[in-house]
Every structure is written in C-alpha cells, then in structure tokens.
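Asker: I am sharing target.pdb, which consists of PDB, C-alpha atoms, pLDDT in the B column:
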```
ATOM      1  CA  MET A 267      54.939 -44.399 -33.926  1.00 36.00           C
ATOM      2  CA  ALA A 268      53.648 -44.964 -30.375  1.00 43.00           C
ATOM      3  CA  SER A 269      50.346 -46.709 -29.676  1.00 48.00           C
ATOM      4  CA  GLY A 270      47.209 -44.635 -30.313  1.00 49.00           C
ATOM      5  CA  HIS A 271      46.626 -43.939 -26.628  1.00 49.00           C
ATOM      6  CA  ALA A 272      50.250 -43.053 -25.911  1.00 55.00           C
ATOM      7  CA  ALA A 273      50.367 -40.927 -29.035  1.00 52.00           C
ATOM      8  CA  MET A 274      47.296 -39.000 -27.888  1.00 51.00           C
ATOM      9  CA  ALA A 275      48.589 -38.620 -24.349  1.00 55.00           C
ATOM     10  CA  GLU A 276      51.968 -37.421 -25.585  1.00 57.00           C
ATOM     11  CA  GLY A 277      50.542 -35.243 -28.342  1.00 53.00           C
ATOM     12  CA  HIS A 278      52.075 -37.254 -31.198  1.00 51.00           C
ATOM     13  CA  ALA A 279      49.017 -38.729 -32.947  1.00 48.00           C
ATOM     14  CA  ASP A 280      48.862 -38.017 -36.678  1.00 45.00           C
ATOM     15  CA  LEU A 281      45.117 -37.474 -36.545  1.00 46.00           C
ATOM     16  CA  CYS A 282      42.635 -37.381 -33.733  1.00 49.00           C
ATOM     17  CA  PHE A 283      38.904 -37.462 -34.300  1.00 50.00           C
ATOM     18  CA  LEU A 284      36.244 -36.480 -31.820  1.00 50.00           C
ATOM     19  CA  ALA A 285      33.639 -39.195 -32.215  1.00 46.00           C
ATOM     20  CA  GLY A 286      29.990 -39.245 -31.254  1.00 45.00           C
ATOM     21  CA  SER A 287      27.505 -36.582 -32.144  1.00 44.00           C
ATOM     22  CA  GLY A 288      30.305 -34.078 -32.675  1.00 48.00           C
ATOM     23  CA  PRO A 289      31.417 -32.273 -29.533  1.00 53.00           C
ATOM     24  CA  ARG A 290      30.905 -28.583 -29.903  1.00 55.00           C
ATOM     25  CA  GLU A 291      33.864 -26.339 -30.395  1.00 65.00           C
ATOM     26  CA  GLY A 292      34.803 -25.092 -26.943  1.00 68.00           C
ATOM     27  CA  SER A 293      33.470 -28.230 -25.183  1.00 71.00           C
ATOM     28  CA  ALA A 294      35.591 -29.828 -22.465  1.00 73.00           C
ATOM     29  CA  TYR A 295      36.932 -32.494 -24.878  1.00 75.00           C
ATOM     30  CA  ASP A 296      37.698 -29.922 -27.541  1.00 74.00           C
ATOM     31  CA  LEU A 297      39.482 -27.609 -25.105  1.00 78.00           C
ATOM     32  CA  TYR A 298      41.476 -30.449 -23.535  1.00 79.00           C
ATOM     33  CA  LEU A 299      42.642 -31.863 -26.857  1.00 79.00           C
ATOM     34  CA  GLY A 300      43.340 -28.389 -28.216  1.00 77.00           C
ATOM     35  CA  ARG A 301      45.653 -27.696 -25.267  1.00 80.00           C
ATOM     36  CA  THR A 302      47.216 -31.170 -25.182  1.00 81.00           C
ATOM     37  CA  LEU A 303      47.820 -32.305 -28.753  1.00 79.00           C
ATOM     38  CA  ARG A 304      50.922 -30.844 -30.400  1.00 78.00           C
ATOM     39  CA  HIS A 305      51.320 -32.919 -33.578  1.00 78.00           C
ATOM     40  CA  ALA A 306      47.744 -33.809 -34.475  1.00 78.00           C
ATOM     41  CA  THR A 307      44.720 -32.483 -36.274  1.00 78.00           C
ATOM     42  CA  VAL A 308      41.304 -32.578 -34.627  1.00 78.00           C
ATOM     43  CA  VAL A 309      38.663 -33.549 -37.198  1.00 78.00           C
ATOM     44  CA  ARG A 310      35.016 -32.966 -36.317  1.00 75.00           C
ATOM     45  CA  GLY A 311      31.805 -34.186 -37.925  1.00 71.00           C
ATOM     46  CA  ASP A 312      28.090 -34.581 -37.277  1.00 70.00           C
ATOM     47  CA  GLU A 313      28.385 -38.341 -36.825  1.00 69.00           C
ATOM     48  CA  GLY A 314      31.825 -39.028 -35.463  1.00 68.00           C
ATOM     49  CA  VAL A 315      32.168 -42.708 -36.243  1.00 78.00           C
ATOM     50  CA  ASP A 316      30.988 -42.221 -39.844  1.00 80.00           C
ATOM     51  CA  VAL A 317      33.683 -39.629 -40.549  1.00 79.00           C
ATOM     52  CA  TYR A 318      36.263 -41.667 -38.603  1.00 82.00           C
ATOM     53  CA  HIS A 319      35.712 -44.601 -40.979  1.00 86.00           C
ATOM     54  CA  ALA A 320      35.128 -42.570 -44.160  1.00 86.00           C
ATOM     55  CA  GLU A 321      38.412 -40.695 -43.750  1.00 83.00           C
ATOM     56  CA  SER A 322      40.357 -43.668 -42.320  1.00 84.00           C
ATOM     57  CA  LEU A 323      41.478 -41.636 -39.335  1.00 82.00           C
ATOM     58  CA  ASP A 324      43.987 -43.034 -36.841  1.00 81.00           C
ATOM     59  CA  VAL A 325      42.363 -42.360 -33.484  1.00 82.00           C
ATOM     60  CA  ALA A 326      38.874 -41.576 -32.243  1.00 81.00           C
ATOM     61  CA  ALA A 327      38.111 -39.802 -28.992  1.00 78.00           C
ATOM     62  CA  GLY A 328      34.735 -39.180 -27.414  1.00 77.00           C
ATOM     63  CA  ILE A 329      32.221 -40.262 -24.835  1.00 76.00           C
ATOM     64  CA  ARG A 330      33.007 -43.780 -23.592  1.00 79.00           C
ATOM     65  CA  GLN A 331      29.517 -45.336 -23.840  1.00 77.00           C
ATOM     66  CA  PRO A 332      28.887 -44.645 -27.560  1.00 80.00           C
ATOM     67  CA  LEU A 333      32.473 -45.597 -28.437  1.00 83.00           C
ATOM     68  CA  THR A 334      32.201 -48.823 -26.404  1.00 85.00           C
ATOM     69  CA  ALA A 335      28.989 -49.750 -28.224  1.00 86.00           C
ATOM     70  CA  HIS A 336      30.563 -49.008 -31.613  1.00 88.00           C
ATOM     71  CA  VAL A 337      33.725 -50.979 -30.848  1.00 89.00           C
ATOM     72  CA  ALA A 338      31.611 -53.951 -29.690  1.00 92.00           C
ATOM     73  CA  GLN A 339      30.116 -54.143 -33.203  1.00 92.00           C
ATOM     74  CA  ARG A 340      33.455 -54.000 -35.034  1.00 91.00           C
ATOM     75  CA  ALA A 341      36.042 -56.719 -34.468  1.00 92.00           C
ATOM     76  CA  GLU A 342      38.845 -54.637 -36.021  1.00 91.00           C
ATOM     77  CA  LEU A 343      38.540 -51.899 -33.371  1.00 90.00           C
ATOM     78  CA  ARG A 344      39.596 -51.749 -29.731  1.00 90.00           C
ATOM     79  CA  LEU A 345      38.942 -49.355 -26.888  1.00 88.00           C
ATOM     80  CA  LEU A 346      42.117 -48.050 -25.277  1.00 86.00           C
ATOM     81  CA  GLU A 347      42.617 -47.858 -21.525  1.00 84.00           C
ATOM     82  CA  PRO A 348      42.802 -45.830 -19.422  1.00 83.00           C
ATOM     83  CA  ALA A 349      40.387 -43.076 -20.398  1.00 79.00           C
ATOM     84  CA  PHE A 350      42.223 -39.966 -21.536  1.00 76.00           C
ATOM     85  CA  MET A 351      39.990 -37.746 -19.409  1.00 75.00           C
ATOM     86  CA  THR A 352      36.982 -37.805 -17.090  1.00 73.00           C
ATOM     87  CA  ILE A 353      34.434 -35.042 -16.796  1.00 70.00           C
ATOM     88  CA  ARG A 354      32.774 -34.884 -13.403  1.00 70.00           C
ATOM     89  CA  GLN A 355      29.447 -33.094 -13.715  1.00 72.00           C
ATOM     90  CA  ALA A 356      28.481 -30.550 -11.100  1.00 75.00           C
ATOM     91  CA  MET A 357      25.880 -27.943 -10.329  1.00 78.00           C
ATOM     92  CA  GLY A 358      26.509 -24.450  -9.018  1.00 81.00           C
ATOM     93  CA  THR A 359      24.815 -21.162  -8.308  1.00 83.00           C
ATOM     94  CA  THR A 360      25.778 -17.644  -7.271  1.00 84.00           C
ATOM     95  CA  LYS A 361      27.089 -16.903  -3.788  1.00 83.00           C
ATOM     96  CA  GLU A 362      24.238 -14.458  -3.283  1.00 86.00           C
ATOM     97  CA  ARG A 363      21.583 -17.190  -3.264  1.00 84.00           C
ATOM     98  CA  CYS A 364      19.935 -17.580   0.095  1.00 86.00           C
ATOM     99  CA  PRO A 365      20.559 -20.811   2.022  1.00 88.00           C
ATOM    100  CA  ARG A 366      16.963 -21.954   1.361  1.00 89.00           C
ATOM    101  CA  THR A 367      17.587 -21.814  -2.404  1.00 87.00           C
ATOM    102  CA  THR A 368      20.790 -23.840  -2.229  1.00 86.00           C
ATOM    103  CA  GLN A 369      19.076 -26.315   0.105  1.00 89.00           C
ATOM    104  CA  PHE A 370      16.181 -26.625  -2.362  1.00 90.00           C
ATOM    105  CA  LEU A 371      18.574 -27.259  -5.268  1.00 87.00           C
ATOM    106  CA  SER A 372      20.490 -29.866  -3.280  1.00 87.00           C
ATOM    107  CA  GLU A 373      17.263 -31.613  -2.250  1.00 90.00           C
ATOM    108  CA  LEU A 374      15.934 -31.482  -5.814  1.00 89.00           C
ATOM    109  CA  VAL A 375      19.040 -33.162  -7.216  1.00 87.00           C
ATOM    110  CA  THR A 376      18.934 -35.780  -4.452  1.00 88.00           C
ATOM    111  CA  GLU A 377      15.256 -36.445  -5.241  1.00 90.00           C
ATOM    112  CA  LEU A 378      15.866 -36.672  -9.011  1.00 89.00           C
ATOM    113  CA  VAL A 379      18.666 -39.187  -8.456  1.00 88.00           C
ATOM    114  CA  ALA A 380      16.797 -41.207  -5.790  1.00 90.00           C
ATOM    115  CA  SER A 381      13.592 -41.362  -7.851  1.00 92.00           C
ATOM    116  CA  GLY A 382      15.429 -42.822 -10.838  1.00 90.00           C
ATOM    117  CA  PHE A 383      14.744 -39.770 -13.012  1.00 90.00           C
ATOM    118  CA  VAL A 384      18.440 -39.195 -13.749  1.00 87.00           C
ATOM    119  CA  ALA A 385      19.089 -42.892 -14.494  1.00 88.00           C
ATOM    120  CA  GLU A 386      16.080 -42.969 -16.831  1.00 89.00           C
ATOM    121  CA  ALA A 387      17.252 -39.781 -18.592  1.00 86.00           C
ATOM    122  CA  LEU A 388      20.670 -41.383 -19.081  1.00 83.00           C
ATOM    123  CA  ARG A 389      19.065 -44.601 -20.383  1.00 84.00           C
ATOM    124  CA  HIS A 390      16.794 -42.596 -22.727  1.00 83.00           C
ATOM    125  CA  SER A 391      19.826 -40.794 -24.194  1.00 76.00           C
ATOM    126  CA  GLY A 392      21.685 -44.054 -24.759  1.00 75.00           C
ATOM    127  CA  GLN A 393      24.013 -43.644 -21.785  1.00 74.00           C
ATOM    128  CA  ASP A 394      24.788 -46.076 -18.994  1.00 79.00           C
ATOM    129  CA  PRO A 395      22.320 -45.392 -16.134  1.00 82.00           C
ATOM    130  CA  THR A 396      24.919 -46.536 -13.601  1.00 81.00           C
ATOM    131  CA  LEU A 397      26.758 -43.277 -14.302  1.00 78.00           C
ATOM    132  CA  THR A 398      24.307 -41.574 -11.945  1.00 79.00           C
ATOM    133  CA  ALA A 399      26.092 -39.981  -9.002  1.00 76.00           C
ATOM    134  CA  PRO A 400      25.261 -41.458  -5.595  1.00 73.00           C
ATOM    135  CA  THR A 401      22.714 -39.541  -3.539  1.00 65.00           C
ATOM    136  CA  ALA A 402      23.964 -37.340  -0.737  1.00 58.00           C
ATOM    137  CA  VAL A 403      23.977 -38.939   2.705  1.00 51.00           C
TER     138      VAL A 403
END
```
Take the structure in the file and write it out as structure tokens.

Answerer:
Amino acid sequence: MASGHAAMAEGHADLCFLAGSGPREGSAYDLYLGRTLRHATVVRGDEGVDVYHAESLDVAAGIRQPLTAHVAQRAELRLLEPAFMTIRQAMGTTKERCPRTTQFLSELVTELVASGFVAEALRHSGQDPTLTAPTAV
C-alpha cells in the first residue's frame, strides 16, 4: 500500500478519518474527500483524535493546527506534507449592495485585522494567530 498521504491523494486509503471537532457533513473537507476518495471510508466523530485512536484508523485528516499539536504529543505519529488542501477564507455580499456598504465591509475587515481582533479570536479558539490575512494596502 502507498504511504498515507499518497493513498489519500490517489484515493486508495483503507480508512480516512476527519479529525478535530468533527467537520460537519457538507463542509469543505467533507465535500473534497467525498469527491476525491474512491477506496476509503470517511469516519466522523465528535472528537476526531479520540475516535482515530479508539478505532485504530489508518489516516487522519483535519485542520492543521489541532493535528500538529496532537502529533507533537505523540512520538508514534507524524504529520504528512504537503497539506492535502487549503481553504482560503473570504467574505462576499450581493451585487446590489451600494458601494458605501462594500467599502464599509472592506474597512471593517481591515480594522479588525489591524487591531489584532482577528489574531486574538484565532488565539482564543486554539488556532495560530499568524494565520490572519494581511491587511489591504
């Protein structure tokens, strides 16, 4: 059998588990793996790493920061590179919004990032605050 990462990328993993706080059915990870994996079963649970270990699953997939922290505490695990997907967050609104509204939204996001609000929200949720997008120039 191919390595875990290659097996996932090629759709040949025996089992794939979505780790973390259990991505919701229909989430970006769930949709991607559902379209990509051909010879695997996606197993979901409330606490991903608990079910991953309890059921002795072959591969775990999920948000990098929680998986990195978990792997750092367990010498028998390794994080595979490169990431199998990246989700770039964005904000949008309807085309009918007036230019002042879109300008306000853009300025609000810039202010929330520049003030450190977004970094603090990431830190508070256990995420890496350096994931914050750069402010608009």

Asker: On this structure, which residues satisfy the PyMOL selection byres ((chain A and resi 369-384) around 10), written as a PyMOL selection string?

Answerer: chain A and resi 357-359+364-368+385-390+395-403

Asker: So what do you get for atom CA of A:His336 versus atom CA of A:His305, distance-wise?

Answerer: 26.3 Å

Asker: Counting only C-alpha atoms, figure out which residue out of A:Ala341, A:Ile329, A:Ala306, A:Ala335 gets nearest to A:Ile353.

Answerer: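 For A:Ile353, the nearest of the given residues is A:Ile329.
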
Asker: Nearest to A:Arg310: which of A:Ala294, A:Ala356, A:Leu346, A:Ala327 is it, counting all atoms listed in the file?

Answerer: A:Ala327

Asker: Using Å and a single decimal, report how far atom CA of A:Ser391 sits from atom CA of A:Arg354.

Answerer: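 Value for the atom CA of A:Arg354-atom CA of A:Ser391 distance: 17.9 Å.
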
Asker: If you measure from atom CA of A:Gln355 to atom CA of A:Arg330, what distance in Å do you get, rounded to one decimal?

Answerer: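 Here the two named atoms are 15.0 Å from each other.
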
Asker: Nearest residue to A:Pro332 out of A:Ala320, A:Glu362, A:Pro348, A:Val315, using only C-alpha atoms?

Answerer: A:Val315

Asker: Using all atoms listed in the file, find the one residue out of A:Leu345, A:Gly328, A:Gln393, A:Thr360 that sits nearest to A:Tyr298.

Answerer: A:Gly328

Asker: Please report, as JSON, the centre and edge lengths in Å to one decimal of an axis-aligned box covering all listed atoms of stretch 313-322 of chain A with 3 Å per side.

Answerer:
```
{"center_x": 34.4, "center_y": -41.5, "center_z": -39.8, "size_x": 18.0, "size_y": 12.3, "size_z": 14.7}
```

Asker: Just save stretch 294-312 of chain A with N, CA and C atoms, as a PDB file, in the first residue's frame.

Answerer:
```
ATOM      1  N   ALA A 294     -16.258  21.900   3.650  1.00  0.00           N
ATOM      2  CA  ALA A 294     -15.294  21.854   2.545  1.00  0.00           C
ATOM      3  C   ALA A 294     -14.463  20.573   2.587  1.00  0.00           C
ATOM      4  N   TYR A 295     -13.978  20.168   3.785  1.00  0.00           N
ATOM      5  CA  TYR A 295     -13.185  18.943   3.890  1.00  0.00           C
ATOM      6  C   TYR A 295     -14.022  17.733   3.490  1.00  0.00           C
ATOM      7  N   ASP A 296     -15.224  17.678   4.015  1.00  0.00           N
ATOM      8  CA  ASP A 296     -16.111  16.552   3.746  1.00  0.00           C
ATOM      9  C   ASP A 296     -16.417  16.448   2.253  1.00  0.00           C
ATOM     10  N   LEU A 297     -16.735  17.558   1.625  1.00  0.00           N
ATOM     11  CA  LEU A 297     -17.040  17.556   0.197  1.00  0.00           C
ATOM     12  C   LEU A 297     -15.823  17.152  -0.630  1.00  0.00           C
ATOM     13  N   TYR A 298     -14.657  17.711  -0.285  1.00  0.00           N
ATOM     14  CA  TYR A 298     -13.436  17.384  -1.024  1.00  0.00           C
ATOM     15  C   TYR A 298     -13.119  15.892  -0.928  1.00  0.00           C
ATOM     16  N   LEU A 299     -13.118  15.363   0.279  1.00  0.00           N
ATOM     17  CA  LEU A 299     -12.788  13.949   0.450  1.00  0.00           C
ATOM     18  C   LEU A 299     -13.855  13.052  -0.177  1.00  0.00           C
ATOM     19  N   GLY A 300     -15.107  13.467  -0.080  1.00  0.00           N
ATOM     20  CA  GLY A 300     -16.180  12.695  -0.698  1.00  0.00           C
ATOM     21  C   GLY A 300     -16.029  12.600  -2.205  1.00  0.00           C
ATOM     22  N   ARG A 301     -15.539  13.673  -2.832  1.00  0.00           N
ATOM     23  CA  ARG A 301     -15.330  13.668  -4.283  1.00  0.00           C
ATOM     24  C   ARG A 301     -14.036  12.974  -4.669  1.00  0.00           C
ATOM     25  N   THR A 302     -13.038  12.995  -3.789  1.00  0.00           N
ATOM     26  CA  THR A 302     -11.693  12.540  -4.134  1.00  0.00           C
ATOM     27  C   THR A 302     -11.444  11.071  -3.821  1.00  0.00           C
ATOM     28  N   LEU A 303     -11.834  10.634  -2.648  1.00  0.00           N
ATOM     29  CA  LEU A 303     -11.527   9.269  -2.216  1.00  0.00           C
ATOM     30  C   LEU A 303     -12.399   8.257  -2.953  1.00  0.00           C
ATOM     31  N   ARG A 304     -11.768   7.212  -3.475  1.00  0.00           N
ATOM     32  CA  ARG A 304     -12.502   6.184  -4.213  1.00  0.00           C
ATOM     33  C   ARG A 304     -12.538   4.857  -3.465  1.00  0.00           C
ATOM     34  N   HIS A 305     -11.524   4.573  -2.669  1.00  0.00           N
ATOM     35  CA  HIS A 305     -11.414   3.283  -1.985  1.00  0.00           C
ATOM     36  C   HIS A 305     -11.188   3.514  -0.498  1.00  0.00           C
ATOM     37  N   ALA A 306     -12.007   4.353   0.100  1.00  0.00           N
ATOM     38  CA  ALA A 306     -11.830   4.687   1.514  1.00  0.00           C
ATOM     39  C   ALA A 306     -13.182   4.952   2.142  1.00  0.00           C
ATOM     40  N   THR A 307     -13.201   4.889   3.441  1.00  0.00           N
ATOM     41  CA  THR A 307     -14.391   5.197   4.219  1.00  0.00           C
ATOM     42  C   THR A 307     -14.081   6.401   5.084  1.00  0.00           C
ATOM     43  N   VAL A 308     -14.921   7.407   5.058  1.00  0.00           N
ATOM     44  CA  VAL A 308     -14.754   8.570   5.917  1.00  0.00           C
ATOM     45  C   VAL A 308     -15.492   8.277   7.216  1.00  0.00           C
ATOM     46  N   VAL A 309     -14.768   8.333   8.327  1.00  0.00           N
ATOM     47  CA  VAL A 309     -15.328   8.075   9.652  1.00  0.00           C
ATOM     48  C   VAL A 309     -15.351   9.397  10.394  1.00  0.00           C
ATOM     49  N   ARG A 310     -16.475   9.756  10.956  1.00  0.00           N
ATOM     50  CA  ARG A 310     -16.599  11.031  11.668  1.00  0.00           C
ATOM     51  C   ARG A 310     -16.892  10.775  13.146  1.00  0.00           C
ATOM     52  N   GLY A 311     -16.530  11.732  13.989  1.00  0.00           N
ATOM     53  CA  GLY A 311     -16.819  11.628  15.407  1.00  0.00           C
ATOM     54  C   GLY A 311     -16.764  12.985  16.059  1.00  0.00           C
ATOM     55  N   ASP A 312     -17.276  13.086  17.275  1.00  0.00           N
ATOM     56  CA  ASP A 312     -17.278  14.372  17.983  1.00  0.00           C
ATOM     57  C   ASP A 312     -15.867  14.843  18.280  1.00  0.00           C
TER      58      ASP A 312
END
```
